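In what follows, a structure is listed as structure tokens, so that the remarks can point back to it.
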2 protein chains.
Amino acid sequence: MIIVGERINGTRSRVRDAIMARDADFVEEEAQQQAEAGADYIDVNAGTGPEREADDLAWLVQTVQAAVTLPVCIDSPSVAALRAGLEAADGKAMLNSASAEEARMKAVLDLAGLHAARVIGLTMDDSGLPTRAEQRVAIAQKLVAKAEEIGIDRDDIFLDPLARAVAVENEQGAAFLDAVAGIRQSLPGVHVICGLSNISFQMPARRLLNRIFLAMAMARGMDAAIVDPLDGGLMAAVCAGRALLGQDDMCMGYIEAHRGGRLAEWS
Amino acid sequence: MIIVGERINGTRSRVRDAIMARDADFVEEEAQQQAEAGADYIDVNAGTGPEREADDLAWLVQTVQAAVTLPVCIDSPSVAALRAGLEAADGKAMLNSASAEEARMKAVLDLAGLHAARVIGLTMDDSGLPTRAEQRVAIAQKLVAKAEEIGIDRDDIFLDPLARAVAVENEQGAAFLDAVAGIRQSLPGVHVICGLSNISFQMPARRLLNRIFLAMAMARGMDAAIVDPLDGGLMAAVCAGRALLGQDDMCMGYIEAHRGGRLAEWS
């Protein structure tokens with residue numbers, strides 16, 4: 001299970017202030033805390049205006065890299081900002097994200113191919129967000145075909161079947177889970193990732209829903225997630241999920257988390 | 001999701017004492033508490049010696065039925081005790097359990113057929129407990145073929161793929177989950193059930209593992225479980241799982257559980 005830590009995001013006002021003030025200490029501490037909590041990638045999203053986003057993202061990438069040895073996940077709707085972030089990155093970064101929208105697919109995948117970066121592909125195209133599992137799988141296949149044409153390895157492709165709110169459409173949790181299984185079955189070698197929080201939009205007790213949904217998606221083959229690693233209940237669920245799926249040799253990760261007191265509150 | 005409440009079990013010393021003293025108040029309260037917490041069946045297991053188990057089980061069945069309107073799940077290794085329990089039961093009971101062992105399969109299935117009872121079938125045979133998913137599915141198929149020969153409807157058959165401890169065999173969680181999916185796929189119309197607690201045998205923080213494993217099994221198609229309904233974290237996971245799988249119309253069950261304060265501790 002690959003954990004992408006989502007906390008350094010300019011939509012959080014404290015992060016936005018840090019970006020504006022070039023407050024490296026704050027950003028470094030956010031990166032370090034997420035690394036200690038078990039993140040494998042640190043997502044950086046500036047969320048600032050088009051005239052400055054590229055500069056902000058490059059600064060975030062450099063600042064995070066000065067603080068931790070983890071790779072970054074460069075997160076922007078702008079291809080120019082993704083490029084600036086990638087040029088500032090050492091080693092193998094991840095791009096968040098491509099989609100199957102015509103204007104975006106080739107540009108982002110070309111960038112990933114050029115820099116040998118990993119890339120997240122959202123299963124949406126110019127007709128919008130799909131509702132049915134088969135539509136998501138079909139878009140995933142299109143994205144992977146395009147990525148392979150460019151020379152991107154399947155191991156560098158992370159497909160996000162896009163969770164939709166169960167409060168709005170009751171059947172969308174099951175449709176997402178079927179898409180996870182469908183992608184894993186029809187595209188062996190790719191990864192499946194998602195940002196969890198949409199699933200619980202407009203519901204009470206959201207963290208419980210997010211955590212149980214993560215376990216369910218792991219059981220269907222999801223092997224990466226964009227989450228807040230400081231959410232102890234969520235990371236306890238990841239830890240349990242790894243042990244239960246045979247991804248934790250001798251269950252030592254779980255036993256060590258228990259010894260470190262990281263499970264008690266959730267058991 | 002069908003919840004079989006497991007608390008009235010003579011291996012608990014307090015329950016054993018109540019059986020010996022014919023303490024109906026204690027048994028009634030255990031039944032009522034489980035009913036209020038969301039049980040659909042009340043399991044009764046006397047766990048006493050062969051010379052008295054049939055009488056004890058009949059008394060437990062009558063005592064539970066006097067306290068709640070829920071059906072009972074009659075739980076014994078002894079066919080004679082199962083028969084005595086069934087004869088004391090009103091309405092549609094469940095038998096816990098048949099298996100594919102020669103000495104047991106026909107006797108328990110005949111009993112279920114005769115009384116139009118539902119029946120749990122353990123996926124084990126005379127060669128023991130299977131390790132691989134395909135072995136479990138093959139035994140399930142054998143059990144269902146035999147049950148259908150007797151005239152038992154698939155809707156009355158609950159297959160238990162038998163969880164084994166991940167602490168002892170790391171890969172057994174995944175094998176169980178694959179068996180759940182395999183049974184649902186190859187035997188449409190049957191139910192899949194399990195007792196959860198074996199999965200976490202010899203592990204620390206067991207309740208967290210049980211809860212996450214339940215969510216994972218629900219995501220693969222398990223639709224019943226033998227559990228302690230007074231375990232608030234487990235029932236919160238069931239509640240979240242139902243909402244996430246589209247089994248909770250308008251998510252009202254989840255929203256009401258939240259309003260009733262039953263989720264707060266777990267979110």
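Order determines the names: the first chain of the structure tokens is A, the second B, and so forth; residues in each chain are numbered 1 upward, and ligands are numbered 1 upward as they are shown.
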**OP:** Do me a favour and pick out the residues of chain B within 6 Å of chain A, using only C-alpha atoms, as number ranges by chain.
**Re:** B: 170-171, 173-174, 205, 207-209, 215-216, 219, 240, 244-246, 267
Residues of the last selection are to be written out with C-alpha atoms, as a compact mmCIF listing (two decimals), in the first residue's frame.
# COMPACT_ATOMS: atom_id res chain seq x y z
CA ASN B 170 0.14 -14.71 6.58
CA GLU B 171 -1.64 -15.52 3.32
CA GLY B 173 -6.69 -13.57 4.98
CA ALA B 174 -6.37 -13.17 1.21
CA ALA B 205 -5.27 -5.22 18.88
CA ARG B 207 -10.81 -5.95 17.54
CA LEU B 208 -9.29 -3.58 14.98
CA LEU B 209 -8.25 -6.54 12.80
CA ALA B 215 -15.27 -4.58 5.94
CA MET B 216 -12.95 -6.36 3.50
CA ALA B 219 -16.51 -5.75 -0.11
CA ALA B 240 -20.55 2.18 7.37
CA LEU B 244 -20.83 2.32 1.24
CA LEU B 245 -22.18 -0.75 -0.60
CA GLY B 246 -25.55 0.85 -1.38
CA SER B 267 -15.02 8.46 13.81
**OP:** Any chance you could list, as a PyMOL selection string, the residues in range 150-217 of chain A that come up strand (DSSP E or B) when DSSP is run on the backbone?
**Re:** chain A and resi 157-160+191-192+195
Original post:
CA of Val64 in chain B and CA of Ala107 in chain B are how many Å apart?
Top reply: 25.3 Å
Original post:
Using only C-alpha atoms, which residues sit within 10 Å of Val68 in chain B once same-chain residues fewer than 5 positions away are excluded, as a list of chain:residue names?
Top reply: B:Glu28, B:Glu29, B:Ala31, B:Gln32, B:Gln33, B:Gln34, B:Ala35, B:Glu36, B:Ile42, B:Thr63
For the residues in the current selection, export all heavy atoms as an mmCIF file, in the first residue's frame.
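As a result, selection_39.cif now contains:
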data_model
loop_
_atom_site.group_PDB
_atom_site.id
_atom_site.type_symbol
_atom_site.label_atom_id
_atom_site.label_comp_id
_atom_site.auth_asym_id
_atom_site.auth_seq_id
_atom_site.Cartn_x
_atom_site.Cartn_y
_atom_site.Cartn_z
ATOM 1 N N GLU B 28 -32.250 -13.930 28.995
ATOM 2 C CA GLU B 28 -33.190 -13.003 28.350
ATOM 3 C C GLU B 28 -32.541 -11.639 28.111
ATOM 4 O O GLU B 28 -32.696 -11.042 27.055
ATOM 5 C CB GLU B 28 -34.453 -12.834 29.211
ATOM 6 C CG GLU B 28 -35.359 -14.057 29.151
ATOM 7 C CD GLU B 28 -36.584 -13.950 30.060
ATOM 8 O OE1 GLU B 28 -36.820 -12.861 30.630
ATOM 9 O OE2 GLU B 28 -37.296 -14.965 30.198
ATOM 10 N N GLU B 29 -31.800 -11.177 29.106
ATOM 11 C CA GLU B 29 -31.168 -9.868 28.954
ATOM 12 C C GLU B 29 -30.080 -9.901 27.871
ATOM 13 O O GLU B 29 -29.957 -8.957 27.077
ATOM 14 C CB GLU B 29 -30.581 -9.385 30.283
ATOM 15 C CG GLU B 29 -30.238 -7.910 30.196
ATOM 16 C CD GLU B 29 -29.757 -7.338 31.522
ATOM 17 O OE1 GLU B 29 -30.236 -7.806 32.575
ATOM 18 O OE2 GLU B 29 -28.886 -6.438 31.481
ATOM 19 N N ALA B 31 -30.140 -11.758 25.275
ATOM 20 C CA ALA B 31 -30.872 -11.777 24.000
ATOM 21 C C ALA B 31 -31.394 -10.391 23.653
ATOM 22 O O ALA B 31 -31.246 -9.911 22.523
ATOM 23 C CB ALA B 31 -32.019 -12.780 24.072
ATOM 24 N N GLN B 32 -31.986 -9.717 24.649
ATOM 25 C CA GLN B 32 -32.551 -8.389 24.394
ATOM 26 C C GLN B 32 -31.481 -7.371 24.008
ATOM 27 O O GLN B 32 -31.664 -6.565 23.097
ATOM 28 C CB GLN B 32 -33.320 -7.902 25.629
ATOM 29 C CG GLN B 32 -34.672 -8.586 25.773
ATOM 30 C CD GLN B 32 -35.220 -8.553 27.193
ATOM 31 O OE1 GLN B 32 -34.540 -8.112 28.126
ATOM 32 N NE2 GLN B 32 -36.443 -9.046 27.350
ATOM 33 N N GLN B 33 -30.360 -7.409 24.730
ATOM 34 C CA GLN B 33 -29.273 -6.464 24.412
ATOM 35 C C GLN B 33 -28.780 -6.655 22.978
ATOM 36 O O GLN B 33 -28.512 -5.695 22.265
ATOM 37 C CB GLN B 33 -28.106 -6.649 25.377
ATOM 38 C CG GLN B 33 -28.358 -6.061 26.751
ATOM 39 C CD GLN B 33 -27.159 -6.244 27.662
ATOM 40 O OE1 GLN B 33 -26.272 -7.056 27.388
ATOM 41 N NE2 GLN B 33 -27.106 -5.481 28.733
ATOM 42 N N GLN B 34 -28.645 -7.901 22.572
ATOM 43 C CA GLN B 34 -28.165 -8.169 21.207
ATOM 44 C C GLN B 34 -29.199 -7.726 20.177
ATOM 45 O O GLN B 34 -28.849 -7.206 19.113
ATOM 46 C CB GLN B 34 -27.824 -9.654 21.037
ATOM 47 C CG GLN B 34 -26.626 -10.069 21.872
ATOM 48 C CD GLN B 34 -26.260 -11.535 21.645
ATOM 49 O OE1 GLN B 34 -25.499 -11.872 20.752
ATOM 50 N NE2 GLN B 34 -26.836 -12.406 22.452
ATOM 51 N N ALA B 35 -30.474 -7.945 20.490
ATOM 52 C CA ALA B 35 -31.539 -7.514 19.572
ATOM 53 C C ALA B 35 -31.502 -5.993 19.413
ATOM 54 O O ALA B 35 -31.546 -5.462 18.302
ATOM 55 C CB ALA B 35 -32.901 -7.969 20.085
ATOM 56 N N GLU B 36 -31.372 -5.283 20.529
ATOM 57 C CA GLU B 36 -31.329 -3.815 20.475
ATOM 58 C C GLU B 36 -30.114 -3.311 19.714
ATOM 59 O O GLU B 36 -30.146 -2.275 19.067
ATOM 60 C CB GLU B 36 -31.311 -3.233 21.895
ATOM 61 C CG GLU B 36 -32.697 -3.192 22.513
ATOM 62 C CD GLU B 36 -32.650 -3.077 24.038
ATOM 63 O OE1 GLU B 36 -31.642 -2.566 24.573
ATOM 64 O OE2 GLU B 36 -33.622 -3.543 24.685
ATOM 65 N N ILE B 42 -30.241 -14.786 17.077
ATOM 66 C CA ILE B 42 -29.551 -14.985 18.354
ATOM 67 C C ILE B 42 -28.997 -16.416 18.364
ATOM 68 O O ILE B 42 -29.756 -17.381 18.345
ATOM 69 C CB ILE B 42 -30.511 -14.794 19.554
ATOM 70 C CG1 ILE B 42 -31.206 -13.422 19.518
ATOM 71 C CG2 ILE B 42 -29.754 -15.004 20.874
ATOM 72 C CD1 ILE B 42 -30.313 -12.226 19.717
ATOM 73 N N THR B 63 -36.027 -19.948 26.153
ATOM 74 C CA THR B 63 -35.784 -18.749 26.957
ATOM 75 C C THR B 63 -35.544 -17.532 26.067
ATOM 76 O O THR B 63 -36.074 -16.441 26.303
ATOM 77 C CB THR B 63 -34.576 -18.986 27.896
ATOM 78 O OG1 THR B 63 -34.809 -20.179 28.641
ATOM 79 C CG2 THR B 63 -34.377 -17.812 28.846
#
**OP:** From range 18-185 of chain A, collect each residue whose DSSP state is alpha helix (DSSP H) and return the set as a ChimeraX atom specification.
**Re:** /A:18-20,24-36,53-67,79-88,102-115,133-150,172-185
Subject >> Within 12 Å of Gln135 in chain A using only C-alpha atoms, minus same-chain residues under 2 positions, as a PyMOL selection string >> reply: chain A and resi 100+123-125+127-133+137-142+161-162+175-176+178-180+182-183
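The spacing separating CA of Met1 in chain B from CA of Gly221 in chain A amounts to 22.2 Å.
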**OP:** May I have the residues within 8 Å of His191 in chain A as a ChimeraX atom specification, using only C-alpha atoms and disregarding those fewer than 4 positions away in the same chain?
**Re:** /A:154-159,184,222-224
Original post:
If we count only C-alpha atoms, what is near Asn45 in chain A at a cut-off of 10 Å, once residues fewer than 4 positions away on the same chain are taken out, given as a PyMOL selection string?
Top reply: chain A and resi 6-11+15-16+53+56-57+60-61+73-77+81-82+85+96
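Separating CA of Ala117 in chain B from CA of Arg164 in chain B is a distance of 27.4 Å.
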Original post:
Which is closest to Asp23 in chain B among B:Ser99, B:Thr48, B:Trp59, B:Gly121, if we use only C-alpha atoms?
Top reply: B:Trp59
**OP:** Write out as a PyMOL selection string each polymer residue whose atoms come within 12 Å of Ile150 in chain B, counting only C-alpha atoms; drop sequence neighbours fewer than 5 positions from it.
**Re:** chain B and resi 105-116+143-145
Given the selection you just returned, output its residues as a file containing all heavy atoms, formatted as a tab-separated table (two decimals), in the first residue's frame.
chain	number	residue	atom	x	y	z
B	105	MET	N	-22.53	-34.20	7.14
B	105	MET	CA	-23.20	-33.45	6.07
B	105	MET	C	-24.67	-33.87	5.91
B	105	MET	O	-25.57	-33.04	6.02
B	105	MET	CB	-22.46	-33.62	4.74
B	105	MET	CG	-23.10	-32.86	3.60
B	105	MET	SD	-21.97	-32.59	2.21
B	105	MET	CE	-21.66	-34.26	1.68
B	106	LYS	N	-24.90	-35.16	5.67
B	106	LYS	CA	-26.26	-35.59	5.38
B	106	LYS	C	-27.16	-35.43	6.61
B	106	LYS	O	-28.31	-34.97	6.51
B	106	LYS	CB	-26.27	-37.04	4.89
B	106	LYS	CG	-27.64	-37.45	4.34
B	106	LYS	CD	-27.60	-38.80	3.68
B	106	LYS	CE	-28.99	-39.20	3.14
B	106	LYS	NZ	-30.11	-39.01	4.07
B	107	ALA	N	-26.62	-35.75	7.80
B	107	ALA	CA	-27.44	-35.70	9.02
B	107	ALA	C	-27.94	-34.27	9.28
B	107	ALA	O	-29.13	-34.06	9.55
B	107	ALA	CB	-26.62	-36.21	10.21
B	108	VAL	N	-27.06	-33.29	9.18
B	108	VAL	CA	-27.48	-31.91	9.49
B	108	VAL	C	-28.34	-31.35	8.37
B	108	VAL	O	-29.35	-30.67	8.63
B	108	VAL	CB	-26.25	-31.01	9.77
B	108	VAL	CG1	-26.70	-29.57	10.02
B	108	VAL	CG2	-25.46	-31.53	10.96
B	109	LEU	N	-28.00	-31.64	7.12
B	109	LEU	CA	-28.81	-31.11	6.01
B	109	LEU	C	-30.21	-31.74	6.03
B	109	LEU	O	-31.21	-31.05	5.76
B	109	LEU	CB	-28.11	-31.34	4.67
B	109	LEU	CG	-26.81	-30.55	4.46
B	109	LEU	CD1	-26.20	-30.88	3.09
B	109	LEU	CD2	-27.01	-29.04	4.59
B	110	ASP	N	-30.29	-33.04	6.34
B	110	ASP	CA	-31.61	-33.68	6.46
B	110	ASP	C	-32.46	-32.99	7.52
B	110	ASP	O	-33.66	-32.75	7.31
B	110	ASP	CB	-31.46	-35.17	6.84
B	110	ASP	CG	-31.20	-36.06	5.62
B	110	ASP	OD1	-31.46	-35.59	4.48
B	110	ASP	OD2	-30.74	-37.19	5.81
B	111	LEU	N	-31.84	-32.67	8.63
B	111	LEU	CA	-32.53	-31.99	9.72
B	111	LEU	C	-33.03	-30.61	9.26
B	111	LEU	O	-34.19	-30.23	9.52
B	111	LEU	CB	-31.54	-31.84	10.88
B	111	LEU	CG	-32.05	-31.60	12.28
B	111	LEU	CD1	-33.03	-32.68	12.70
B	111	LEU	CD2	-30.85	-31.56	13.25
B	112	ALA	N	-32.17	-29.88	8.57
B	112	ALA	CA	-32.57	-28.57	8.04
B	112	ALA	C	-33.73	-28.72	7.06
B	112	ALA	O	-34.70	-27.95	7.11
B	112	ALA	CB	-31.38	-27.88	7.37
B	113	GLY	N	-33.64	-29.71	6.18
B	113	GLY	CA	-34.69	-29.94	5.19
B	113	GLY	C	-36.02	-30.27	5.85
B	113	GLY	O	-37.07	-29.72	5.49
B	114	LEU	N	-35.96	-31.12	6.83
B	114	LEU	CA	-37.17	-31.59	7.53
B	114	LEU	C	-37.90	-30.44	8.22
B	114	LEU	O	-39.13	-30.37	8.22
B	114	LEU	CB	-36.75	-32.65	8.56
B	114	LEU	CG	-37.86	-33.41	9.27
B	114	LEU	CD1	-38.64	-34.28	8.27
B	114	LEU	CD2	-37.26	-34.33	10.36
B	115	HIS	N	-37.13	-29.52	8.82
B	115	HIS	CA	-37.73	-28.42	9.58
B	115	HIS	C	-37.78	-27.11	8.79
B	115	HIS	O	-38.07	-26.07	9.36
B	115	HIS	CB	-36.96	-28.20	10.89
B	115	HIS	CG	-37.13	-29.32	11.88
B	115	HIS	ND1	-38.04	-29.27	12.91
B	115	HIS	CD2	-36.52	-30.52	11.98
B	115	HIS	CE1	-37.97	-30.39	13.62
B	115	HIS	NE2	-37.04	-31.17	13.07
B	116	ALA	N	-37.43	-27.15	7.50
B	116	ALA	CA	-37.35	-25.93	6.68
B	116	ALA	C	-36.51	-24.87	7.38
B	116	ALA	O	-36.85	-23.68	7.38
B	116	ALA	CB	-38.75	-25.40	6.35
B	143	LEU	N	-21.39	-29.05	-0.83
B	143	LEU	CA	-22.42	-28.84	0.19
B	143	LEU	C	-23.74	-28.36	-0.43
B	143	LEU	O	-24.82	-28.83	-0.06
B	143	LEU	CB	-21.95	-27.80	1.21
B	143	LEU	CG	-21.15	-28.32	2.40
B	143	LEU	CD1	-20.36	-27.19	3.05
B	143	LEU	CD2	-22.10	-28.94	3.44
B	144	VAL	N	-23.63	-27.41	-1.37
B	144	VAL	CA	-24.84	-26.85	-1.98
B	144	VAL	C	-25.52	-27.91	-2.84
B	144	VAL	O	-26.76	-28.03	-2.83
B	144	VAL	CB	-24.50	-25.58	-2.80
B	144	VAL	CG1	-25.71	-25.11	-3.62
B	144	VAL	CG2	-24.04	-24.46	-1.86
B	145	ALA	N	-24.75	-28.73	-3.55
B	145	ALA	CA	-25.34	-29.79	-4.37
B	145	ALA	C	-26.14	-30.74	-3.47
B	145	ALA	O	-27.28	-31.12	-3.79
B	145	ALA	CB	-24.25	-30.54	-5.13
